[in-house]
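final16.csv follows; it contains CSV, C-alpha atoms and all ligand atoms.
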```
chain,number,residue,atom,x,y,z
F,18,MET,CA,6.6,13.1,15.1
F,19,PHE,CA,4.6,10.5,13.3
F,20,GLU,CA,2.1,8.3,15.2
F,21,LEU,CA,0.7,4.8,14.7
F,22,ILE,CA,-2.6,5.1,12.8
F,23,LYS,CA,-5.8,4.0,14.3
F,24,LEU,CA,-7.4,0.9,12.8
F,25,PRO,CA,-11.0,1.3,11.6
F,26,TYR,CA,-11.9,-2.2,12.9
F,27,LYS,CA,-11.1,-4.5,15.8
F,28,SER,CA,-10.6,-7.7,13.8
F,29,LEU,CA,-10.3,-9.1,10.3
F,30,ALA,CA,-10.5,-12.7,11.4
F,31,PRO,CA,-10.6,-15.3,10.0
F,32,VAL,CA,-9.1,-14.0,6.8
F,33,ILE,CA,-6.3,-12.3,8.7
F,34,SER,CA,-6.0,-13.8,12.2
F,35,ASP,CA,-6.0,-11.5,15.3
F,36,GLN,CA,-2.5,-12.8,16.0
F,37,THR,CA,-1.2,-11.7,12.6
F,38,LEU,CA,-3.0,-8.3,12.9
F,39,SER,CA,-1.5,-7.9,16.3
F,40,PHE,CA,2.1,-8.5,15.1
F,41,HIS,CA,1.7,-6.8,11.8
F,42,TYR,CA,0.1,-3.6,13.1
F,43,GLY,CA,1.3,-3.5,16.7
F,44,LYS,CA,4.9,-4.7,16.2
F,45,HIS,CA,6.0,-4.2,12.5
F,46,LEU,CA,4.2,-1.0,11.7
F,47,GLN,CA,5.0,0.4,15.2
F,48,ALA,CA,8.7,-0.3,14.6
F,49,TYR,CA,8.7,1.5,11.3
F,50,VAL,CA,7.0,4.5,12.9
F,51,ASP,CA,9.5,4.5,15.8
F,52,ASN,CA,12.5,4.1,13.5
F,53,LEU,CA,11.3,7.0,11.3
F,54,ASN,CA,10.9,9.3,14.3
F,55,LYS,CA,14.5,8.5,15.4
F,56,LEU,CA,16.0,9.0,12.0
F,57,LEU,CA,14.3,12.3,11.0
F,58,PRO,CA,15.8,14.9,13.4
F,59,GLY,CA,18.7,16.7,11.6
F,60,SER,CA,18.0,14.9,8.3
F,61,GLY,CA,16.5,18.0,6.6
F,62,LEU,CA,13.2,16.2,6.1
F,63,ASP,CA,11.8,16.7,9.6
F,64,GLY,CA,8.5,18.5,9.6
F,65,LYS,CA,7.6,17.5,6.0
F,66,SER,CA,4.6,15.4,5.2
F,67,LEU,CA,5.0,11.6,5.0
F,68,GLU,CA,4.4,11.6,1.3
F,69,ASP,CA,7.0,14.3,0.7
F,70,ILE,CA,9.5,12.4,2.8
F,71,VAL,CA,9.0,9.3,0.8
F,72,VAL,CA,9.3,11.1,-2.5
F,73,LEU,CA,12.4,13.1,-1.6
F,74,ALA,CA,14.1,10.1,0.1
F,75,SER,CA,13.4,7.8,-2.8
F,76,GLU,CA,15.8,9.8,-5.0
F,77,ALA,CA,18.7,9.1,-2.6
F,78,SER,CA,20.5,5.8,-2.4
F,79,GLY,CA,21.8,4.2,0.7
F,80,GLY,CA,23.0,5.9,3.9
F,81,LEU,CA,20.7,7.8,6.2
F,82,MET,CA,18.3,8.7,3.3
F,83,GLY,CA,18.1,5.1,2.4
F,84,SER,CA,17.1,4.2,5.9
F,85,ILE,CA,14.6,7.1,6.0
F,86,PHE,CA,13.1,5.9,2.7
F,87,ASN,CA,12.7,2.3,3.9
F,88,ASN,CA,11.0,3.3,7.1
F,89,ALA,CA,8.9,6.2,5.8
F,90,GLY,CA,7.9,4.1,2.8
F,91,GLN,CA,6.8,1.2,5.0
F,92,VAL,CA,4.8,3.6,7.2
F,93,LEU,CA,3.0,5.1,4.2
F,94,ASN,CA,2.4,1.6,2.6
F,95,HIS,CA,1.0,0.1,5.8
F,96,ASN,CA,-1.2,3.2,6.5
F,97,LEU,CA,-2.8,2.8,3.1
F,98,TYR,CA,-3.0,-1.0,3.5
F,99,PHE,CA,-4.6,-1.1,6.9
F,100,THR,CA,-7.1,1.7,6.2
F,101,GLN,CA,-8.4,0.0,3.0
F,102,PHE,CA,-10.0,-2.9,4.8
F,103,CYS,CA,-13.1,-3.5,6.8
F,104,HIS,CA,-14.4,-6.6,8.5
F,105,PHE,CA,-16.1,-8.8,5.9
F,106,ASP,CA,-19.4,-8.7,7.7
F,107,GLN,CA,-19.5,-5.0,6.9
F,108,ALA,CA,-17.5,-5.2,3.7
F,109,LYS,CA,-18.5,-2.5,1.2
F,110,ARG,CA,-19.2,-4.4,-2.0
F,111,ALA,CA,-17.9,-3.1,-5.2
F,112,GLU,CA,-20.6,-0.8,-6.5
F,113,LYS,CA,-21.1,1.0,-9.7
F,114,SER,CA,-18.6,3.8,-9.5
F,115,ALA,CA,-16.1,5.7,-11.7
F,116,LEU,CA,-13.3,3.4,-10.5
F,117,ILE,CA,-15.2,0.1,-11.2
F,118,ALA,CA,-16.2,1.5,-14.6
F,119,GLN,CA,-12.5,2.2,-15.4
F,120,ILE,CA,-11.5,-1.3,-14.2
F,121,VAL,CA,-14.1,-2.9,-16.4
F,122,LYS,CA,-13.0,-0.7,-19.3
F,123,GLN,CA,-9.4,-1.8,-19.0
F,124,TRP,CA,-9.7,-5.4,-17.8
F,125,GLY,CA,-13.1,-6.4,-19.1
F,126,SER,CA,-14.4,-7.3,-15.6
F,127,LEU,CA,-13.7,-6.9,-11.9
F,128,ASP,CA,-12.8,-10.7,-11.8
F,129,ALA,CA,-10.3,-10.4,-14.6
F,130,PHE,CA,-8.7,-7.4,-12.8
F,131,LYS,CA,-8.5,-9.4,-9.5
F,132,GLU,CA,-6.9,-12.3,-11.3
F,133,GLU,CA,-4.1,-10.1,-12.8
F,134,PHE,CA,-3.6,-8.3,-9.4
F,135,GLU,CA,-3.2,-11.6,-7.6
F,136,ALA,CA,-0.9,-13.0,-10.2
F,137,LYS,CA,1.3,-9.9,-10.0
F,138,GLY,CA,1.4,-10.3,-6.2
F,139,VAL,CA,2.3,-13.9,-6.4
F,140,GLY,CA,4.9,-13.2,-9.1
F,141,LEU,CA,6.7,-10.5,-7.1
F,142,PHE,CA,10.1,-11.9,-6.1
F,143,GLY,CA,10.8,-11.5,-2.4
F,144,SER,CA,9.2,-8.9,-0.1
F,145,GLY,CA,7.1,-6.0,-1.5
F,146,TRP,CA,3.7,-4.8,-2.5
F,147,VAL,CA,1.4,-5.1,-5.4
F,148,TRP,CA,-0.5,-1.9,-6.1
F,149,LEU,CA,-3.4,-0.6,-8.1
F,150,ALA,CA,-2.5,3.0,-9.0
F,151,ALA,CA,-3.9,5.8,-11.1
F,152,LYS,CA,-2.2,8.0,-13.6
F,153,GLU,CA,-3.1,11.7,-13.7
F,154,ASP,CA,-5.5,11.1,-16.6
F,155,GLY,CA,-7.4,8.4,-14.6
F,156,GLU,CA,-5.9,5.4,-16.4
F,157,LEU,CA,-5.1,2.5,-14.0
F,158,VAL,CA,-2.0,0.4,-13.7
F,159,ILE,CA,-0.9,-2.6,-11.6
F,160,LEU,CA,2.6,-2.2,-10.2
F,161,GLN,CA,4.9,-4.7,-8.5
F,162,CYS,CA,6.9,-2.7,-6.0
F,163,PRO,CA,9.8,-4.4,-4.1
F,164,GLY,CA,10.7,-3.5,-0.5
F,165,ALA,CA,9.2,-0.2,0.7
F,166,ASP,CA,8.4,1.2,-2.8
F,167,ASN,CA,5.2,3.0,-3.4
F,168,PRO,CA,3.6,4.3,-6.7
F,169,ILE,CA,4.2,7.9,-5.6
F,170,CYS,CA,7.9,7.3,-6.1
F,171,HIS,CA,7.3,6.5,-9.8
F,172,PHE,CA,7.3,10.1,-11.0
F,173,GLU,CA,9.2,12.2,-13.5
F,174,ARG,CA,10.7,15.7,-12.9
F,175,SER,CA,10.0,18.6,-15.3
F,176,PRO,CA,12.9,20.6,-16.7
F,177,LYS,CA,12.3,23.0,-13.8
F,178,GLY,CA,12.6,20.1,-11.3
F,179,GLU,CA,8.9,19.9,-10.3
F,180,VAL,CA,7.4,16.4,-9.7
F,181,GLU,CA,5.0,15.5,-12.5
F,182,LYS,CA,3.5,12.4,-14.1
F,183,SER,CA,3.2,10.9,-10.6
F,184,LEU,CA,1.0,7.8,-9.8
F,185,ARG,CA,-1.6,7.8,-7.1
F,186,PRO,CA,-1.8,4.7,-4.9
F,187,LEU,CA,-5.3,3.2,-4.6
F,188,LEU,CA,-5.2,-0.4,-3.4
F,189,THR,CA,-2.4,-2.6,-2.2
F,190,PHE,CA,-1.8,-6.2,-1.0
F,191,ASP,CA,1.3,-6.7,1.3
F,192,VAL,CA,3.4,-9.6,0.1
F,193,TRP,CA,6.0,-9.4,2.8
F,194,GLU,CA,5.9,-12.7,4.6
F,195,HIS,CA,5.0,-11.0,7.9
F,196,ALA,CA,1.6,-10.2,6.4
F,197,TYR,CA,0.6,-13.9,5.9
F,198,TYR,CA,3.1,-16.4,7.2
F,199,LEU,CA,1.4,-17.2,10.6
F,200,ASP,CA,-1.9,-17.9,8.8
F,201,TYR,CA,-1.0,-19.2,5.4
F,202,GLN,CA,2.7,-20.2,5.7
F,203,ASN,CA,4.1,-20.2,2.1
F,204,ARG,CA,0.7,-20.1,0.4
F,205,ARG,CA,0.9,-16.5,-0.7
F,206,ALA,CA,-1.6,-17.0,-3.6
F,207,ALA,CA,-4.2,-18.4,-1.1
F,208,HIS,CA,-3.7,-15.4,1.1
F,209,LEU,CA,-4.1,-12.8,-1.7
F,210,GLN,CA,-7.2,-14.6,-3.0
F,211,ALA,CA,-8.7,-14.5,0.5
F,212,LEU,CA,-8.3,-10.8,1.0
F,213,TRP,CA,-10.9,-9.5,-1.5
F,214,PRO,CA,-13.9,-9.7,0.8
F,215,LEU,CA,-12.1,-7.4,3.2
F,216,VAL,CA,-11.6,-4.6,0.7
F,217,ASN,CA,-13.6,-1.5,1.4
F,218,TRP,CA,-14.2,-0.3,-2.1
F,219,LYS,CA,-15.7,2.9,-0.9
F,220,VAL,CA,-12.2,3.9,0.4
F,221,ILE,CA,-10.5,2.9,-2.8
F,222,GLU,CA,-13.1,4.9,-4.8
F,223,GLU,CA,-12.4,7.9,-2.6
F,224,ARG,CA,-8.7,7.6,-3.3
F,225,TYR,CA,-9.4,7.5,-7.0
F,226,THR,CA,-11.8,10.4,-7.3
F,227,LYS,CA,-10.4,12.8,-4.7
Y,1,FE,FE,3.6,-5.4,6.2
```

Please go through the file and, once you have read it, give me the structure as structure tokens.
Amino acid sequence: MFELIKLPYKSLAPVISDQTLSFHYGKHLQAYVDNLNKLLPGSGLDGKSLEDIVVLASEASGGLMGSIFNNAGQVLNHNLYFTQFCHFDQAKRAEKSALIAQIVKQWGSLDAFKEEFEAKGVGLFGSGWVWLAAKEDGELVILQCPGADNPICHFERSPKGEVEKSLRPLLTFDVWEHAYYLDYQNRRAAHLQALWPLVNWKVIEERYTK
């Protein structure tokens, strides 16, 4: 059985209103958790880790596995999303770190990276997620992932069938309308631009170096 994660803050207002947080976390994420728990028994995936469920179900199409993928993917995505933030009063500023050094190496500056990340989020058609992910050699990529997709699903299998060349998710902005419509209506770009002061770079760095 999976449980709703605990939030490491009480509020992210005014960037994300308490009403949006309440619906997004308490209704949407809770529903994905509940649905997943109902779908897993008898599926052959019960008892596996959330990441393994997402990876294994991502290779199936439609049916029960498709429903499990959608709900498990959305639980994983939201867990990573909600735990990467902190209230802006306590926001951990981007500091000198291996991650920031790699961002500057690839994009020239943190601002240039943010600009491309926001543009990819704005440019994603329909519902989904924009991700910063790391390859196994540490190189960074920005991915546009529709629906419940996550970078860990972008892997290859070796001739022996082992998962390899997988991508590690680091940072994500949710571009499903439920993430911003109450506060920003159709202004997705304004919402994405406003999120940066909430990003806890210490958490992103830990995901990169672990
Ligand atoms: Fe969401």

Neighbouring residues of ligand FE 1 (chain Y) are defined here as those with any atom at most 12 Å from a ligand atom, counting all atoms listed in the file; list them as a PyMOL selection string. chain F and resi 37-49+88+90-99+144-147+164-165+189-198

What's around stretch 127-134 of chain F at 8 Å? Count only C-alpha atoms, leave out sequence neighbours fewer than 2 positions away in its own chain, and write the answer as a short mmCIF file (atom, residue, chain, number, x, y, z; two decimals) with C-alpha atoms, keeping the file's coordinate frame.
```
data_model
loop_
_atom_site.label_atom_id
_atom_site.label_comp_id
_atom_site.auth_asym_id
_atom_site.auth_seq_id
_atom_site.Cartn_x
_atom_site.Cartn_y
_atom_site.Cartn_z
CA ILE F 117 -15.20 0.10 -11.20
CA ILE F 120 -11.50 -1.30 -14.20
CA VAL F 121 -14.10 -2.90 -16.40
CA TRP F 124 -9.70 -5.40 -17.80
CA GLY F 125 -13.10 -6.40 -19.10
CA ALA F 136 -0.90 -13.00 -10.20
CA LYS F 137 1.30 -9.90 -10.00
CA GLY F 138 1.40 -10.30 -6.20
CA VAL F 147 1.40 -5.10 -5.40
CA TRP F 148 -0.50 -1.90 -6.10
CA LEU F 149 -3.40 -0.60 -8.10
CA ILE F 159 -0.90 -2.60 -11.60
#
```

- Message: Here is a test: counting only C-alpha atoms, which residue of F:Glu76, F:Asn87, F:Glu135, F:Gly61 is nearest to F:Leu209?
- Response: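 The closest residue to F:Leu209 is F:Glu135.
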
| task | Could you please determine the separation between atom CA of F:Phe19 and atom CA of F:Phe86 in Å, to one decimal place? | result |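 For atom CA of F:Phe19 relative to atom CA of F:Phe86, the distance reads 14.3 Å.
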
Task: Length of the atom CA of F:Gln161 to atom CA of F:Val139 vector [Å] - done: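 Going from atom CA of F:Gln161 over to atom CA of F:Val139, I get 9.8 Å.
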
Between atom CA of F:Phe102 and atom CA of F:Ser114 lies a distance of 18.0 Å

Where's the centre, and what are the edge lengths in Å to one decimal, of a box along x, y and z enclosing all listed atoms of stretch 211-225 of chain F padded 6 Å per side, as AutoDock Vina command-line options?
```
--center_x -12.0 --center_y -3.3 --center_z -1.9 --size_x 19.4 --size_y 34.4 --size_z 22.2
```

### Task
Name all residues at most 9 Å from F:His208 (count only C-alpha atoms; drop same-chain ones fewer than 6 positions away) and give them as a list in words.
Val32, Ile33, Tyr197, Asp200 and Tyr201 of chain F

Just the residues within 12 Å of F:Val220, please, counting only C-alpha atoms, with nothing from its chain fewer than 6 positions along; format it as a VMD selection string. chain F and resid 25 97 to 103 108 to 112 114 116 186 to 188 226 to 227

- Query: Closest to F:Asn54 among F:Ala211, F:Leu21, F:Val180, F:Ala118, using all atoms listed in the file?
  - Reply: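 For F:Asn54, the nearest of the candidates is F:Leu21.
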
Margin query: When you count all atoms listed in the file, which of these residues is closest to F:Ile70: F:Glu222, F:Lys55, F:Leu160, F:Cys170?
Written below: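 With all atoms listed in the file as the atom set, the closest residue is F:Cys170.
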
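For the residues F:Ser183, F:Ser34, F:Ser126, F:Ser175, ranking by smallest atom-to-atom distance to F:Ala151 using only C-alpha atoms places F:Ser183 first.
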
- Return the single residue from F:Gly155, F:Pro168, F:Pro163, F:Gly143 that is closest to F:Glu68, with distances computed using all atoms listed in the file.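 Smallest distance to F:Glu68 is found for F:Pro168.
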
Worksheet entry | Pick from F:Glu181, F:Asn52, F:Arg205, F:Lys23 nearest to F:Gly140, counting all atoms listed in the file |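 That would be F:Arg205, the residue with the smallest distance to F:Gly140.
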